[in-house]
Protein chains: 6
Amino acid sequence: MDTERFMGIVNGLAASYRGGFGVNPSAGGGLPDRASVAALCDLMLHVVFPGFFAHGSDQVIADATDPSLRRLIGDLEDDLHRLLLRAYHFQASCLTAEAGQRPAPMAAGEVLAQFLEALPEVRRLLESDVLAAFENDPAAPCHEEIIVSYPCIEAIAVQRLAHQLYQLQVPFLPRMMTEVAHSRTGIDIHPGAIIGDHFFIDHGTGVVIGETTTIGSHVVLYHGVTLGAFNPTVRNDAGILDRGQDNKRHPDLEDHVTVYPGATILGGDTRIGHHSVIGGNAWVTRSVAPWSTVTMADPELRIRQKQQQPSTSFEI
Amino acid sequence: MDTERFMGIVNGLAASYRGGFGVNPSAGGGLPDRASVAALCDLMLHVVFPGFFAHGSDQVIADATDPSLRRLIGDLEDDLHRLLLRAYHFQASCLTAEAGQRPAPMAAGEVLAQFLEALPEVRRLLESDVLAAFENDPAAPCHEEIIVSYPCIEAIAVQRLAHQLYQLQVPFLPRMMTEVAHSRTGIDIHPGAIIGDHFFIDHGTGVVIGETTTIGSHVVLYHGVTLGAFNPTVRNDAGILDRGQDNKRHPDLEDHVTVYPGATILGGDTRIGHHSVIGGNAWVTRSVAPWSTVTMADPELRIRQKQQQPSTSFEI
Amino acid sequence: MDTERFMGIVNGLAASYRGGFGVNPSAGGGLPDRASVAALCDLMLHVVFPGFFAHGSDQVIADATDPSLRRLIGDLEDDLHRLLLRAYHFQASCLTAEAGQRPAPMAAGEVLAQFLEALPEVRRLLESDVLAAFENDPAAPCHEEIIVSYPCIEAIAVQRLAHQLYQLQVPFLPRMMTEVAHSRTGIDIHPGAIIGDHFFIDHGTGVVIGETTTIGSHVVLYHGVTLGAFNPTVRNDAGILDRGQDNKRHPDLEDHVTVYPGATILGGDTRIGHHSVIGGNAWVTRSVAPWSTVTMADPELRIRQKQQQPSTSFEI
Amino acid sequence: MDTERFMGIVNGLAASYRGGFGVNPSAGGGLPDRASVAALCDLMLHVVFPGFFAHGSDQVIADATDPSLRRLIGDLEDDLHRLLLRAYHFQASCLTAEAGQRPAPMAAGEVLAQFLEALPEVRRLLESDVLAAFENDPAAPCHEEIIVSYPCIEAIAVQRLAHQLYQLQVPFLPRMMTEVAHSRTGIDIHPGAIIGDHFFIDHGTGVVIGETTTIGSHVVLYHGVTLGAFNPTVRNDAGILDRGQDNKRHPDLEDHVTVYPGATILGGDTRIGHHSVIGGNAWVTRSVAPWSTVTMADPELRIRQKQQQPSTSFEI
Amino acid sequence: MDTERFMGIVNGLAASYRGGFGVNPSAGGGLPDRASVAALCDLMLHVVFPGFFAHGSDQVIADATDPSLRRLIGDLEDDLHRLLLRAYHFQASCLTAEAGQRPAPMAAGEVLAQFLEALPEVRRLLESDVLAAFENDPAAPCHEEIIVSYPCIEAIAVQRLAHQLYQLQVPFLPRMMTEVAHSRTGIDIHPGAIIGDHFFIDHGTGVVIGETTTIGSHVVLYHGVTLGAFNPTVRNDAGILDRGQDNKRHPDLEDHVTVYPGATILGGDTRIGHHSVIGGNAWVTRSVAPWSTVTMADPELRIRQKQQQPSTSFEI
Amino acid sequence: MDTERFMGIVNGLAASYRGGFGVNPSAGGGLPDRASVAALCDLMLHVVFPGFFAHGSDQVIADATDPSLRRLIGDLEDDLHRLLLRAYHFQASCLTAEAGQRPAPMAAGEVLAQFLEALPEVRRLLESDVLAAFENDPAAPCHEEIIVSYPCIEAIAVQRLAHQLYQLQVPFLPRMMTEVAHSRTGIDIHPGAIIGDHFFIDHGTGVVIGETTTIGSHVVLYHGVTLGAFNPTVRNDAGILDRGQDNKRHPDLEDHVTVYPGATILGGDTRIGHHSVIGGNAWVTRSVAPWSTVTMADPELRIRQKQQQPSTSFEI
């Protein structure tokens with residue numbers, strides 16, 4: 001094209017930038033970009049499963065004097081620190097009217113310390129998740145293959161880590177982290193969800209778990225399961241959409257619940273009682289008692305009370 | 001293995017290459033490979049959302065004399081130009097019998113110019129998409145978090161950009177671009193689809209939108225929604241599969257339609273009237289009037305006419 | 001944070017590592033990490049579709065004396081060799097009690113040779129898959145666009161390659177390879193599945209195909225299709241979960257079967273007869289005869305016997 | 001080492017940083033680092049010798065509408081702009097007492113424009129340098145081999161480019177650029193030196209050319225030649241070292257001077273007359289008339305007047 | 001700067017490109033660029049000293065069936081092949097008038113084969129060079145430290161490899177290779193030089209060895225030594241500069257010659273007899289007999305005949 | 001080439017590897033390769049001059065609680081640790097007969113700690129070197145330009161750091177480090193040399209400083225200066241070459257000595273008295289008294305006693 005046309009394009013885009021959104025503020029190192037957050041997730045995964053997510057990190061880390069360990073934690077601390085500062089700075093620049101509603105952010109150093117101190121507990125939970133996968137999937141020959149190849153492990157690990165930052169009211173990063181895992185695994189778990197131990201998701205593509213969901217221990221989900229909001233855009237009396245954690249709109253699953261592929265469970269008042277089984281493609285918008293089995297094909301929710309001992313041969 | 005066996009393998013694979021498909025022609029810089037197209041998508045995303053998809057690009061671009069802006073557009077122009085030339089060259093080499101049916105490609109320079117000139121309008125549409133996400137998702141605390149972390153923004157942005165090239169009859173690149181986004185987000189929108197403003201897809205994994213779909217303004221889709229072809233392999237009187245844009249085989253959604261998770265809408269004559277709601281897991285192969293609500297559990301499509309004011313408490 | 005707190009974190013994590021899982025053994029080059037396996041998949045894809053998955057590889061490979069060909073196979077041989085050694089070494093370190101149950105691994109050189117010798121046959125199958133995609137998708141303008149942009153090609157190619165290693169009883173790598181493809185395409189095919197020629201998956205997100213599935217020739221699947229286990233955690237008389245290939249728990253699809261989006265077919269005794277059509281969202285747990293059509297909306301599986309000629313206008 | 005010792009090291013280095021030099025100011029993007037300046041040199045070399053210093057840049061740039069050309073200049077403009085801003089910012093932070101003595105820097109945009117506008121003239125000079133190399137080195141088979149393999153071309157090109165910035169009073173960058181070339185070629189030319197056309201340096205290792213040197217046209221130097229200051233640390237009446245361009249302390253070489261390997265010419269009043277030859281290892285601290293030949297072996301500078309036609313058989 | 005000025009710059013540079021040198025022809029993959037040749041040198045060094053120049057290549061290569069070895073040679077063959085094709089193509093485009101004087105290039109495949117077949121002999125020579133370094137440098141504690149840290153090893157190895165290509169009349173690449181080594185080591189050896197076994201250069205910076213030099217066995221050079229042309233620009237009767245290998249203009253050093261730092265030996269008829277010692281900074285333009293010692297401080301070349309047994313206490 | 005010839009090449013090179021040197025042992029992570037040592041030097045330079053040698057490290061490091069500082073030292077500790085282990089392992093494998101003569105290596109942890117504890121003192125010395133450069137070079141406008149652009153700073157810093165490891169008897173790494181700096185700067189300082197504060201080398205190309213040299217405070221060297229061994233290959237009574245630190249064979253320079261370009265000072269008994277000046281190209285093999293001036297042109301070393309106050313107008 002001739003040069004006048006090129007310059008017209010430059011001018012047009014410049015005008016488009018002036019009026020619109022999407023221009024990253026220059027100071028503060030910029031907003032937390034996606035690639036940096038993806039690298040942070042990889043580093044965190046390497047810390048909680050040393051050697052499984054990074055080639056060449058084949059040193060046994062045996063005690064607290066090992067240089068590799070100091071380096072690993074130092075790397076994580078510094079990377080997270082820089083992203084925290086960028087996130088806080090960006091939040092200050094983009095939240096204007098709403099800024100008053102938010103509490104002042106915790107000092108970055110305190111967030112760092114509390115996050116790092118939680119890592120052993122996160123590792124304990126993840127160990128229980130690996131055991132749950134081994135118990136529930138006959139295709140798994142050993143624990144290690146689960147860590148290296150099951151997408152649910154990456155998705156759950158990233159959510160458990162992001163959930164720590166979510167609880168510390170860190171802006172942007174928790175959701176960006178779970179979206180990294182969503183992109184890689186097809187499993188979309190909001191960082192706000194509260195998830196018990198021994199959690200297993202098989203295959204996982206299409207799973208959606210909303211912000212105010214709670215999940216007990218020993219819960220198993222299959223691919224395509226939605227734990228969602230009944231009608232997300234209900235507004236309050238002032239015509240305003242209630243946002244965030246305080247608007248309880250996703251269900252609760254008690255311990256030992258199993259949800260088969262494609263099932264959908266909606267609503268903040270919906271509670272799935274312990275030891276219940278939700279059949280494939282079922283659509284559940286009401287609570288069910290413990291030990292229930294819900295099958296798909298009943299518009300009125302064909303619910304059958306199970307025996308006090310879980311049946312292994314129910315019809316789905 | 002011993003060297004004779006190795007040489008036998010070399011000979012066998014060479015023979016396999018000689019007879020078969022899949023050998024990239026040597027001239028013209030090769031076909032447009034996936035990695036280059038993924039990099040092109042990243043660059044385009046950086047141009048339409050400066051600073052959100054690339055670290056270190058934290059300069060405010062304030063006016064048309066900023067070197068960063070000239071560089072940005074120059075980079076995009078040159079990368080796209082090279083890929084256009086490779087795509088045209090590859091098309092010429094691989095379309096033999098069918099070549100006559102295709103119009104001669106537009107000059108690359110004209111394609112470049114028209115594409116770049118459309119960017120401000122694409123940005124205007126994308127701004128409306130961000131607003132739609134904010135209106136429809138209570139989990140979104142601010143506009144910026146939507147841009148950095150919602151997969152629908154990447155999927156819709158790439159489709160809107162690829163659609164420009166599709167309209168300019170560029171071969172290969174549009175579809176390759178939307179597959180990059182599909183791979184990253186699980187959202188599969190064909191570049192041929194025509195999509196209005198204020199479009200929102202929540203979660204998104206498993207969404208499929210076919211080539212001849214049209215979508216109005218203020219449409220909301222949830223994950224797992226299919227806008228597909230009723231029976232794609234019907235052949236014409238000559239026993240030939242009608243291909244491409246002229247074979248209208250996907251549905252039309254009018255303005256303000258909402259489609260809940262897992263619903264499937266099929267067929268080129270299927271039209272969803274404005275302000276309708278399609279319930280989760282519904283299977284729709286017939287048109288529905290405006291203001292309708294369609295629920296899943298009725299084999300005969302239980303359709304209920306809504307009031308002229310959209311209800312906020314319908315049963316799904 | 002102050003330095004005492006940092007050192008407390010180091011000590012805490014060191015203690016967590018000592019007791020727990022997830023520490024990569026130091027010798028043997030470490031376990032096969034994800035990034036190396038992803039690179040191996042890319043290299044294999046480049047070998048079976050030269051030029052389509054890698055930029056700059058635009059040389060025509062015309063005969064067995066071409067240096068590019070020797071290099072290509074040499075690269076693949078060496079990369080796979082190193083990963084084989086790491087996989088065998090890791091298997092020896094992580095399988096303790098179970099080690100006795102596994103046969104001794106084949107010599108790495110023999111695995112390499114048999115794998116490389118199978119490549120022409122894999123290419124022959126993949127060529128049939130490309131033809132199947134062209135026959136079944138009106139949106140495909142030519143064979144080459146299918147290779148560069150259809151996710152099913154990547155998913156099927158990686159599974160066919162991983163299946164070769166699975167048959168050679170290579171640990172870890174086959175499953176890691178298919179998970180690379182799962183992450184990129186949303187299509188989850190276990191490396192153990194046995195798949196005939198002319199296989200096509202449209203869109204693909206959410207497809208799950210289990211370990212003991214068998215699929216005939218000319219089978220077409222749409223996105224969201226599950227070929228799964230009826231109740232995977234049934235235990236044998238000893239209370240032990242039967243694992244692996246010998247526990248037949250996934251269905252068989254005969255030739256010319258088509259399965260529409262969202263359908264679920266479960267169970268090791270479930271056999272879908274040839275020329276059958278499974279409708280969208282159908283839930284099938286029993287065998288169906290050849291030439292059957294199964295629709296979604298019938299809880300008792302509304303099955304209709306088709307004519308001996310496949311109907312083109314059945315109701316889905 | 002134990003953790004107390006590690007923390008002592010951290011504390012010790014922190015204390016060392018507090019008191020000392022060498023801490024990069026946080027604002028303004030940091031000082032112009034070496035790697036960025038080396039990349040800038042590579043880009044400039046690519047602009048003045050397109051295709052010779054970068055692989056893959058094999059497009060013929062034929063006219064001003066070529067996207068490659070706009071991109072190339074846009075890249076250079078933007079990279080140089082960012083480094084200019086960092087250099088000015090760093091200068092302001094590190095020059096305190098001396099700041100008053102320096103003129104205010106020219107606006108970055110004006111520096112950019114004047115630099116870019118000088119590129120055709122720089123290219124004209126470099127073309128004459130290539131011709132001079134071809135004339136003077138029997139080992140050179142063609143012009144192109146000189147560009148791709150003679151270190152003097154890189155050293156002279158970088159100096160000619162840096163000299164433009166030096167004249168525009170840009171801080172830091174000119175000297176950093178010539179040190180990049182010094183590191184790669186062993187040829188150390190200060191950016192302040194004024195050098196005529198048709199300049200050739202053979203081999204080049206160990207050549208030193210000082211800040212206030214002037215060199216005419218058609219000058220040839222061999223490796224190990226020093227054009228230096230007689231006694232650089234002479235102080236003025238106030239006991240202060242005169243710094244920079246105004247302290248003329250390096251020699252002048254008139255047109256058609258040849259200086260053989262290892263010769264040293266010192267002093268700001270030393271002028272080598274045109275068509276003179278300085279023999280290998282000679283040590284010259286006094287001016288010599290035109291058409292002179294100076295040989296090494298005479299402590300009193302054995303100078304012999306040459307004939308008006310340059311001799312081809314003088315003794316060195 | 002404003003956009004008009006920018007476009008003026010683009011136009012000016014475009015005009016500069018049209019008339020001048022330095023535009024890389026578009027076809028044939030471009031000329032052999034520096035970065036590719038540097039990578040080729042690294043690969044060759046890795047082949048002749050496996051493990052010493054590349055991290056991670058720690059496999060013992062024990063026999064001819066090792067995949068690492070096939071890969072290594074395959075990589076080298078293919079990289080060299082591509083560069084050969086680019087070099088021949090570029091030669092054809094840049095040598096116009098002179099093209100007739102050059103012999104037709106040998107087929108690339110034959111060059112490749114002869115080069116690779118010479119590698120064991122090159123390795124034998126390099127082993128003798130390592131031994132010579134160990135014998136001559138008291139600072140060397142073992143053979144291995146010499147390979148990993150002595151610049152002469154890199155410089156000599158690259159020259160010996162480039163010399164193979166020089167003998168096969170490959171254009172561009174040999175000289176580009178030795179300039180890579182020159183840049184890294186400060187040692188400038190022309191690929192045409194013929195060098196015997198057990199060659200050692202200590203320190204090396206500033207060493208220059210010309211195209212038609214011959215060097216016997218067991219020769220030792222120190223840094224700053226020049227083996228050059230007496231007066232390189234003498235023209236023949238037709239006023240033409242004799243170029244290349246046929247114009248013998250550099251000296252011959254017989255076996256067991258030692259040349260101390262800074263010495264200069266010039267001229268194609270200058271022959272240094274075996275077991276001679278050239279003192280530091282000496283300037284030699286005449287032949288000397290075997291067993292001679294030449295000291296610097298004599299304008300008439302103070303030559304002293306040594307005893308038939310080499311003295312260890314001569315004055316330098 | 002045909003495949004038989006290729007396989008012959010493979011066999012030939014395999015045979016060459018079997019008999020010869022240059023095969024890197026497989027265990028222990030391989031020997032310390034050049035690229036890793038170069039990266040180690042860059043990291044060390046970043047630690048002693050934070051921000052000057054690495055882009056993007058623009059954080060002010062203000063106190064010991066800064067995560068950046070912990071990370072920086074953690075990175076250095078871990079990288080050095082891994083290289084130490086590889087160096088010790090390689091030493092054990094390559095030193096056989098001589099192994100008994102070497103003391104057992106210090107524990108790696110102790111070496112690490114002592115090295116890191118020495119960093120503040122190294123920084124103190126380097127600060128004095130920057131000041132010396134500023135005092136001696138009129139071309140330097142400020143301290144910061146010296147750090148970013150003077151090659152002597154890199155060469156001296158790397159030597160001072162390598163000298164710490166040399167004193168701790170670390171094998172391989174010290175010499176490899178100084179060769180990295182030699183390659184980049186042309187300045188070759190053996191890690192064994194003992195160098196006082198306020199050391200300045202101008203230009204530097206061709207400087208050689210031997211293993212057993214000692215240099216006082218406030219010494220200035222110009223390019224091309226050699227501080228070497230008189231006759232390095234003298235053997236002891238047993239006919240063995242004395243190696244290493246105990247064979248004192250390089251000169252001593254007392255405080256405030258200046259050595260002009262190209263001068264050569266040789267011999268372990270040669271001592272240059274304080275406040276002496278060695279003229280350009282001088283050749284010195286005998287000690288000179290304090291306050292001496294030595295000029296080049298005298299074979300018998302024309303030495304002139306200076307006044308007790310250093311003259312500023314001596315003849316060189």
# chains A, B, ... in the order shown; residues from 1 in each chain; ligands from 1
$ residues_around --residues "Val47 of chain E" --least-positions-apart "5" --cutoff "9 Å" --atoms "only C-alpha atoms" --output "JSON, numbers by chain"
{"E": [42, 72, 73, 76, 119]}
$ select_by_dssp --residues "segment 151-281 of chain D" --states "strand (DSSP E)" --output "ChimeraX atom specification"
/D:188-189,194-195,200-202,208-209,214-215,220-222,226-228,252-253,258-259,264-266,271-272,277-278
$ closest_residue --among "D:Asp252, D:Asp66, D:Asp75, D:Asp269" --to "chain E" --atoms "only C-alpha atoms"
D:Asp66
$ atom_distance --atom1 "atom CA of Ala162 of chain D" --atom2 "atom CA of Ala181 of chain D"
10.6 Å
$ closest_residue --among "F:Phe49, F:Tyr17, F:Phe6, F:Phe199" --to "chain D" --atoms "only C-alpha atoms"
F:Phe49
$ closest_residue --among "B:Asp197, B:Glu127, B:Glu154, B:Glu211" --to "Arg175 of chain B" --atoms "only C-alpha atoms"
B:Glu211
$ residues_around --residues "Ala35 of chain C" --least-positions-apart "3" --cutoff "12 Å" --atoms "only C-alpha atoms" --output "MDAnalysis selection string"
(chainID A and resid 42 51:56 148:149) or (chainID C and resid 31:32 38:42 83 173 176:177 179:180)
$ interface_residues --of "chain B" --to "chain F" --cutoff "9 Å" --atoms "only C-alpha atoms" --output "compact mmCIF listing (two decimals) with C-alpha atoms, in the first residue's frame"
# COMPACT_ATOMS: atom_id res chain seq x y z
CA THR B 3 22.81 -49.53 10.81
CA GLU B 4 21.18 -51.68 8.15
CA MET B 7 18.80 -47.35 6.65
$ select_by_dssp --residues "segment 69-316 of chain C" --states "helix (DSSP H, G or I)" --output "PyMOL selection string"
chain C and resi 69-94+97-101+108-117+119-136+143-149+151-167+173-185
$ decode --residues "segment 168-187 of chain E" --atoms "N, CA, C and O atoms" --output "mmCIF file, in the first residue's frame"
data_model
loop_
_atom_site.group_PDB
_atom_site.id
_atom_site.type_symbol
_atom_site.label_atom_id
_atom_site.label_comp_id
_atom_site.auth_asym_id
_atom_site.auth_seq_id
_atom_site.Cartn_x
_atom_site.Cartn_y
_atom_site.Cartn_z
ATOM 1 N N LEU E 168 38.142 -27.930 -0.638
ATOM 2 C CA LEU E 168 37.059 -28.388 -1.506
ATOM 3 C C LEU E 168 36.428 -27.225 -2.272
ATOM 4 O O LEU E 168 35.385 -27.378 -2.888
ATOM 5 N N GLN E 169 37.083 -26.059 -2.210
ATOM 6 C CA GLN E 169 36.693 -24.861 -2.961
ATOM 7 C C GLN E 169 35.284 -24.369 -2.646
ATOM 8 O O GLN E 169 34.595 -23.803 -3.495
ATOM 9 N N VAL E 170 34.895 -24.579 -1.408
ATOM 10 C CA VAL E 170 33.610 -24.037 -0.958
ATOM 11 C C VAL E 170 33.753 -22.523 -0.787
ATOM 12 O O VAL E 170 34.694 -22.068 -0.136
ATOM 13 N N PRO E 171 32.846 -21.732 -1.362
ATOM 14 C CA PRO E 171 32.951 -20.279 -1.196
ATOM 15 C C PRO E 171 32.371 -19.815 0.136
ATOM 16 O O PRO E 171 31.514 -20.484 0.714
ATOM 17 N N PHE E 172 32.822 -18.671 0.604
ATOM 18 C CA PHE E 172 32.304 -17.944 1.767
ATOM 19 C C PHE E 172 32.489 -18.670 3.106
ATOM 20 O O PHE E 172 33.008 -18.093 4.060
ATOM 21 N N LEU E 173 32.028 -19.913 3.179
ATOM 22 C CA LEU E 173 31.952 -20.554 4.492
ATOM 23 C C LEU E 173 33.293 -20.659 5.198
ATOM 24 O O LEU E 173 33.382 -20.369 6.403
ATOM 25 N N PRO E 174 34.385 -21.082 4.510
ATOM 26 C CA PRO E 174 35.644 -21.242 5.269
ATOM 27 C C PRO E 174 36.080 -19.939 5.942
ATOM 28 O O PRO E 174 36.401 -19.920 7.137
ATOM 29 N N ARG E 175 36.046 -18.849 5.200
ATOM 30 C CA ARG E 175 36.481 -17.578 5.775
ATOM 31 C C ARG E 175 35.537 -17.117 6.872
ATOM 32 O O ARG E 175 35.969 -16.585 7.904
ATOM 33 N N MET E 176 34.223 -17.320 6.660
ATOM 34 C CA MET E 176 33.277 -16.944 7.715
ATOM 35 C C MET E 176 33.522 -17.756 8.981
ATOM 36 O O MET E 176 33.408 -17.239 10.094
ATOM 37 N N MET E 177 33.866 -19.018 8.806
ATOM 38 C CA MET E 177 34.146 -19.847 9.983
ATOM 39 C C MET E 177 35.354 -19.346 10.760
ATOM 40 O O MET E 177 35.305 -19.216 11.990
ATOM 41 N N THR E 178 36.446 -19.058 10.049
ATOM 42 C CA THR E 178 37.633 -18.622 10.803
ATOM 43 C C THR E 178 37.418 -17.240 11.417
ATOM 44 O O THR E 178 38.027 -16.915 12.438
ATOM 45 N N GLU E 179 36.536 -16.434 10.814
ATOM 46 C CA GLU E 179 36.236 -15.151 11.456
ATOM 47 C C GLU E 179 35.398 -15.326 12.712
ATOM 48 O O GLU E 179 35.489 -14.518 13.634
ATOM 49 N N VAL E 180 34.568 -16.347 12.758
ATOM 50 C CA VAL E 180 33.878 -16.652 14.018
ATOM 51 C C VAL E 180 34.910 -16.934 15.106
ATOM 52 O O VAL E 180 34.836 -16.383 16.214
ATOM 53 N N ALA E 181 35.886 -17.753 14.784
ATOM 54 C CA ALA E 181 36.917 -18.067 15.774
ATOM 55 C C ALA E 181 37.771 -16.835 16.084
ATOM 56 O O ALA E 181 38.164 -16.608 17.231
ATOM 57 N N HIS E 182 38.064 -16.031 15.066
ATOM 58 C CA HIS E 182 38.827 -14.792 15.277
ATOM 59 C C HIS E 182 38.101 -13.894 16.269
ATOM 60 O O HIS E 182 38.683 -13.345 17.197
ATOM 61 N N SER E 183 36.782 -13.755 16.077
ATOM 62 C CA SER E 183 36.004 -12.891 16.948
ATOM 63 C C SER E 183 36.044 -13.378 18.391
ATOM 64 O O SER E 183 36.123 -12.591 19.327
ATOM 65 N N ARG E 184 36.016 -14.692 18.579
ATOM 66 C CA ARG E 184 35.968 -15.232 19.933
ATOM 67 C C ARG E 184 37.328 -15.310 20.597
ATOM 68 O O ARG E 184 37.425 -15.294 21.824
ATOM 69 N N THR E 185 38.387 -15.452 19.806
ATOM 70 C CA THR E 185 39.693 -15.730 20.399
ATOM 71 C C THR E 185 40.739 -14.661 20.110
ATOM 72 O O THR E 185 41.803 -14.670 20.721
ATOM 73 N N GLY E 186 40.485 -13.770 19.169
ATOM 74 C CA GLY E 186 41.520 -12.822 18.769
ATOM 75 C C GLY E 186 42.600 -13.433 17.902
ATOM 76 O O GLY E 186 43.585 -12.776 17.591
ATOM 77 N N ILE E 187 42.436 -14.696 17.527
ATOM 78 C CA ILE E 187 43.410 -15.396 16.684
ATOM 79 C C ILE E 187 42.840 -15.478 15.271
ATOM 80 O O ILE E 187 41.767 -16.039 15.061
#
